[in-house]
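Colleague: One structure, as C-alpha cells, below. Some questions next.
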Amino acid sequence: MTVPEPRMHIVETYFECCGFDHTFLQGGTSVYLWNLSRAFAARGHRVSIVTPAHGRLDDLRSRYEVEDLDYSDTYTLPLVLDPDVWRDFPAEAELELTTTAHRIRLEGVDLYFLSNDYLNRLPDTFYPPYSAKGRDLVFFKPLVFQVDSVRFLRRWFGDEKTLVHAHEPYYHYLLPAALRDDPLKPVVSTVQSNMPITKKVYGPKVRRLLELLGAGLPLPLDPPPAGQRPDVVRQYQQLTHLHYDYPPDHVALYRLILDHADLVDFLSPGQLDFYASFRDTPFEALFRELPIAGAVRDNAHKMFVGGCAISDQWLAWDPAEVDREEVLSGLGLDPALPTFFHNARYALHHKGQLELVRAVDRVLGEGLAANFVLRCISGAPLDDPYFREVADRHKGRLYLESERVDERRVFEYASSSDFCLFPSKFEMDTFLIAQGEAMVCGAVPIATAQQGMAHFGHALTGPDATGFAVNRSFAEDDTLLTDALAGRIHEAVTLWTERPERYRELSERAAAVARRFTWEHCADLHLAAFRPLWEGEPATLPAERALRHGWFDLLADDELTEEALLRHGDLTAYERLAPVDAEVARRFFDAAWERADFAACERIADRFPEAVPDDLRRALRARHHVADGVLTVRLPHAERVELVSPAARDGAAPRSVPSVRRLERTAPGVFEGPAPEPDARLLLTLDTGRVTWDEVRHG
C-alpha cells in the first residue's frame, strides 16, 4: 500500500519575491522563488509568499486583484546603533510602525505583501544603497522586514503548521532564532550567494531585536583571535573577498542560521562543499581556526542541496530556429567563424572580465580567426576605457554590449555561438544560470573550475566532460587566468576547425547536461528534504560529506577510506585502520608535497625517516632560501609565488592591506625576489589551482 505524501504549507519569504511580474523584478532570487513556488503548488502543496510591498501597492492594483487583509500591527521597533558607524545618531532609535498586509492569489500561490512606512521606501530600487549606512535609517529596511515577517507569520498563520523557507542569510538571520521554539514553524534557510561566511552584524542590535521577538538568547560572540595565523595571513583575506575582521561585539549572522535553522539549503553540491571548507583557497587555513568552522561541522547534518534551474522559456525555445547568419551579420561579425559568447553583469573582478577582455585582445591581436560576443551588462553605455579601446581595435571580430536587451535576443546570441566563456572568480557564483542557458543552446563552456559551477561538467575529464576548464582565481588582476583563457580559446578554435565531430559531441553533451536542471527537478530535491522535516524526522550527516571535509571523528572505522585520509593528510585517523609503515608514510608524504603542506611533510620525515629519501629531504629543506639579499624559491609544481608583507604599523605610514609582490619566474619551478621582511609569508599558486601559504626561511 502506497502511503500518500503529506500536503505541506510552504511559506517562502525574502526581501524581494516579485518574479511573477517583470516590472517588479530586481534580482535573480526573485525569479528563483517564483518558479520554485509554482513547482511546489503544482505538486498539490499549499504555497504562500511573504515579501514587502516596497511602496508599489497602487501599481499592483492596476494589474492584479489585490485583497486588503484584516491585519494591522502597530509596534515600536528599537534599533540599537553601533556608535562607531552611526556617529551622529542616538544610541538607540525607535521606529513607530503600523504594518498592514495585502494578498494576491496567482497560479495557485498566495502572495502576501507587507506595508508600512519603512517597507514602502525605495519603490524603484527596493534595496537601500550601501552609502546609506551610518547616514540614513532606511539602511535598516531589510531588518524591518525581518521583524515584520516574524510577527506576521505568528499572527496570521497562528497555530497552523507552516514550513518557513527563507532566503539569503543576510536578509533573514533573525528568523531561525526567533522561531526556534515553535514546533509549528520549522525554518529552512537557503544560502543564495557566497557572502563571506564570517560576515557579522552589531551584536547589541541583534540581541535587542530578538528580545522584542520573545527570543532572548546568548549570542555566539567570537573570542579574540588566538594568534595561530600570522597577522599578514589575516590581513590578506580582504583581497580574496572571502573574509573580513570585525570588532568583538559583532555576531556572525551565518552562525545564527547554523545554530537555529532546521535545515540549510544550497543551490549546488559544489557551493555546499566550498562553503563548508574553502578548500584550496588562501582562506582555508585561517577558516579552520575560526569558531565558524566548528559551527559548520556541528551543523553539517542540516545541509542539503535543493538546487537551481534553467528557466522554462529557455528550455522551450529551439536553438535550431535561430538564423545564425542573420544574427552575427547584424552584429558586424563573420558567421563563418567560430564564435564565443559571454553574458554577465558588468563585474570586473567577480566575473573575470578584465582577464577575459585581455585574453580576447591577445588572441585577436595574434591573428586568431574568431568572433566574440561579450555582454557586460551595466544598463548603460560601458564607461570602461580599456574595454572600449579593445572593442574599437577589433571591430568586425568583437561585439561588446552593455545595455539590457530582450531575453529572446540573448537567446539568439547564445544559439549563434559555438563556445561560451565564464571565467568567474573568488567562488562568488553558486549556480550560474547564464552558463547553463548558453549550454542549453549547445555552446561548449570554457569556464573556471569553481566548485559552484562544477555541476555543468566543464572541469570533468573523460567521457563526461562538457567543455574546458581553467583554474580558479582569487586575485583581482590575475595574469595566470589571462594566459589560461588565451590558451583555451586557441585550443577551442583548433577543435572547432580540425575536429568537428569531437566539437559536436561536446556541444550535444553540454546541452543535454544543462537541460537536466529543471524547476521540477529542483522541486523534487527540496521536497525530499522538506518531507522528513515536516514529519519530525531528524536530519543525519551523510558519511560521504564527512569524508570530503575530513571530519573523521564523526565516522565509524569502517566508513573511513584511504583516499579521503590521504587527501586530508590525517595519519592519526589512518592509524584507526592499520599501523603506519614506511610505505604508507611515503604515500602521505607525497600527497602532502603535492598540496604544498610542508609542515605535514616535515612531521612525516621526522617520524618516519626511513620513508623519505635524502633527495626529498633536501628538496623540502631547500625549497627556499635567502642569500645576498635575494630570496629564491624552488617548487616544481608552483605556477606563481608571491611575497606578502604585513601592513605597516608602529609609526610608519599605514597601509590598510598588506604588500603583495610577485616573484620573478627565472626557470621552471624557480622564483626569485628581494629578501623578505621577518613577518612576511609566501603565497603559492600551484599548477592544480590550489592556493596556499608557506613560511619564509631566512637561512
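Each chain in the C-alpha cells gets a letter, A, B and so on, in the order shown; residues start at 1 in every chain, and ligands are counted from 1 in the order they appear.
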Could the residues of region 367-481 of chain A that have an atom at most 8 Å from region 179-198 of chain A be listed as JSON lines, each with its closest atom pair and the distance in Å to one decimal, counting only C-alpha atoms and ordered by chain and ascending residue number?

Modeller:
```
{"residue": "A:Glu427", "atom": "CA", "partner": "A:Asn194", "partner_atom": "CA", "distance": 7.3}
{"residue": "A:Met428", "atom": "CA", "partner": "A:Asn194", "partner_atom": "CA", "distance": 5.3}
{"residue": "A:Asp429", "atom": "CA", "partner": "A:Ser193", "partner_atom": "CA", "distance": 6.9}
{"residue": "A:Thr430", "atom": "CA", "partner": "A:Ser193", "partner_atom": "CA", "distance": 6.1}
```

Colleague: Within 12 Å of region 361-365 of chain A, counting only C-alpha atoms, which residues show up once you throw out same-chain ones fewer than 3 positions away? Write them as number ranges by chain, please.

Modeller: A: 353-358, 368-372, 386-398, 482-493

Colleague: Can you pull out every residue within 10 Å of Pro291 (chain A), counting only C-alpha atoms, but drop anything in the same chain fewer than 6 positions away, and send it as a list in words?

Modeller: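 What passes the distance filter is Thr198, Pro220, Leu221, Asp222, Pro223, Pro225, Ala252 and Arg255 of chain A.
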
Colleague: List as a list of chain:residue names the protein and nucleic acid residues near Glu401 (chain A), meaning an atom at most 12 Å away when only C-alpha atoms are counted, but skip any in the same chain fewer than 5 places from it.

Modeller: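 Final neighbour list, sorted by chain and number: A:Leu331, A:Phe341, A:His342, A:Asn343, A:Ala344, A:Arg345, A:Tyr346, A:Phe372, A:Val373, A:Leu374, A:Arg375, A:Cys376, A:Ile377, A:Ser378, A:Gly379, A:Ala380, A:Pro381, A:Leu382, A:Asp383, A:Phe387, A:Arg388, A:Ala391, A:Val410, A:Tyr413.
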
Colleague: Would you please give, as JSON, numbers by chain, all residues of region 392-473 of chain A that DSSP assigns to alpha helix (DSSP H) based on the backbone?

Modeller: {"A": [392, 393, 407, 408, 409, 410, 411, 412, 413, 414, 415, 433, 434, 435, 436, 437, 438, 439, 440]}

Colleague: What are the DSSP strand (DSSP E or B) residues of region 63-206 of chain A, as a PyMOL selection string?

Modeller: chain A and resi 67-80+92-106+109-115+163-167+187-191+200-202

Colleague: Where does region 269-311 of chain A meet region 452-459 of chain A within 10 Å, residue by residue, with the nearest atom pair and distance in Å to one decimal for each, counting only C-alpha atoms, listed by chain and rising number, as CSV?

Modeller:
```
residue,atom,partner,partner_atom,distance
A:Pro269,CA,A:Gly452,CA,7.4
A:Gly270,CA,A:Gly452,CA,4.6
A:Gln271,CA,A:Gly452,CA,4.5
A:Leu272,CA,A:Gly452,CA,8.1
A:Asp273,CA,A:Gly452,CA,8.6
A:Phe274,CA,A:Gly452,CA,7.5
A:Tyr275,CA,A:Gly452,CA,9.6
```

Colleague: Extract, using only C-alpha atoms, all DNA, RNA and protein residues at most 7 Å from Cys601 (chain A), discarding same-chain residues fewer than 5 positions from it, and format them as a PyMOL selection string.

Modeller: chain A and resi 589+592-593

Colleague: Please, which residues in region 287-402 of chain A fall within 12 Å of region 518-527 of chain A when counting only C-alpha atoms, and what is the closest atom pair and distance in Å to one decimal for each, ordered by chain then residue number, as a tab-separated table?

Modeller:
```
residue	atom	partner	partner_atom	distance
A:Met303	CA	A:His526	CA	11.5
A:Phe304	CA	A:His526	CA	8.5
A:Val305	CA	A:Leu525	CA	7.0
A:Gly306	CA	A:His526	CA	4.8
A:Gly307	CA	A:Cys522	CA	5.4
A:Cys308	CA	A:Cys522	CA	5.8
A:Ala309	CA	A:Thr518	CA	4.9
A:Ile310	CA	A:Thr518	CA	5.9
A:Ser311	CA	A:Thr518	CA	7.4
A:Asp312	CA	A:Thr518	CA	7.4
A:Gln313	CA	A:Thr518	CA	10.9
A:Trp314	CA	A:Thr518	CA	10.5
A:Leu315	CA	A:Thr518	CA	8.5
A:Ala316	CA	A:Thr518	CA	11.2
```

Colleague: Skipping near chain neighbours, those fewer than 6 positions away, what residues fall within 10 Å of Asp581 (chain A) using only C-alpha atoms, listed as a count of residues only?

Modeller: 3

Colleague: What lies within 12 Å of Val580 (chain A) using only C-alpha atoms, ignoring chain neighbours under 5 positions off, as JSON, numbers by chain?

Modeller: {"A": [562, 570, 571, 572, 573, 574, 575, 585, 586, 587, 588, 604, 607, 608, 611]}

Colleague: Could you please take those selected residues and save N, CA and C atoms as an mmCIF file, in the first residue's frame?

Modeller:
```cif
data_model
loop_
_atom_site.group_PDB
_atom_site.id
_atom_site.type_symbol
_atom_site.label_atom_id
_atom_site.label_comp_id
_atom_site.auth_asym_id
_atom_site.auth_seq_id
_atom_site.Cartn_x
_atom_site.Cartn_y
_atom_site.Cartn_z
ATOM 1 N N GLU A 562 40.997 5.296 2.565
ATOM 2 C CA GLU A 562 42.368 5.783 2.475
ATOM 3 C C GLU A 562 42.449 7.019 1.584
ATOM 4 N N ASP A 570 45.607 12.939 7.209
ATOM 5 C CA ASP A 570 45.324 12.606 8.608
ATOM 6 C C ASP A 570 45.882 11.225 8.956
ATOM 7 N N LEU A 571 47.146 11.209 9.371
ATOM 8 C CA LEU A 571 47.779 9.949 9.771
ATOM 9 C C LEU A 571 47.158 9.367 11.029
ATOM 10 N N THR A 572 46.744 10.233 11.934
ATOM 11 C CA THR A 572 46.141 9.752 13.182
ATOM 12 C C THR A 572 44.879 8.954 12.895
ATOM 13 N N ALA A 573 44.047 9.451 12.009
ATOM 14 C CA ALA A 573 42.836 8.714 11.648
ATOM 15 C C ALA A 573 43.188 7.422 10.919
ATOM 16 N N TYR A 574 44.256 7.456 10.094
ATOM 17 C CA TYR A 574 44.652 6.237 9.385
ATOM 18 C C TYR A 574 45.013 5.127 10.365
ATOM 19 N N GLU A 575 45.614 5.520 11.479
ATOM 20 C CA GLU A 575 46.032 4.516 12.466
ATOM 21 C C GLU A 575 44.850 3.807 13.111
ATOM 22 N N ALA A 585 53.590 5.850 5.051
ATOM 23 C CA ALA A 585 54.119 7.179 5.369
ATOM 24 C C ALA A 585 54.575 7.895 4.105
ATOM 25 N N ARG A 586 55.193 7.147 3.169
ATOM 26 C CA ARG A 586 55.642 7.765 1.911
ATOM 27 C C ARG A 586 54.441 8.258 1.099
ATOM 28 N N ARG A 587 53.358 7.506 1.068
ATOM 29 C CA ARG A 587 52.171 7.964 0.331
ATOM 30 C C ARG A 587 51.624 9.252 0.944
ATOM 31 N N PHE A 588 51.638 9.314 2.270
ATOM 32 C CA PHE A 588 51.159 10.532 2.929
ATOM 33 C C PHE A 588 52.115 11.695 2.674
ATOM 34 N N ILE A 604 56.174 14.061 8.906
ATOM 35 C CA ILE A 604 56.315 12.684 8.429
ATOM 36 C C ILE A 604 57.791 12.315 8.302
ATOM 37 N N ARG A 607 59.201 11.656 11.782
ATOM 38 C CA ARG A 607 58.667 10.466 12.463
ATOM 39 C C ARG A 607 59.026 9.176 11.736
ATOM 40 N N PHE A 608 59.130 9.247 10.404
ATOM 41 C CA PHE A 608 59.409 8.041 9.616
ATOM 42 C C PHE A 608 60.607 8.314 8.699
ATOM 43 N N ALA A 611 61.145 6.463 5.457
ATOM 44 C CA ALA A 611 60.158 6.582 4.375
ATOM 45 C C ALA A 611 60.494 7.681 3.378
#
```

Colleague: Find, counting only C-alpha atoms, the residue in A:Arg531, A:Lys302, A:Arg234, A:His350 that gets nearest to Thr448 (chain A).

Modeller: A:His350

Colleague: Using only C-alpha atoms, which of the listed residues (A:Ala582, A:Ala300, A:Ala177, A:Leu566) sits closest to Ala543 (chain A)?

Modeller: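 Smallest separation from Ala543 (chain A) among the options: A:Ala300.
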
Colleague: Could you work out how far CA of Val660 (chain A) lies from CA of Ala619 (chain A), giving the answer in Å with one decimal?

Modeller: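 It comes out at 25.4 Å.
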
Colleague: Report the distance between CA of Phe426 (chain A) and CA of Phe287 (chain A) in Å, rounded to one decimal place.

Modeller: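 These atoms are spaced 15.4 Å apart.
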
Colleague: For each of A:Leu333, A:Leu25, A:Ala556, A:Leu253, take the minimum atom-to-atom distance to Gly203 (chain A), counting only C-alpha atoms, then give the residue where this is smallest.

Modeller: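 Looking only at the distances to Gly203 (chain A), the closest residue turns out to be A:Leu253.
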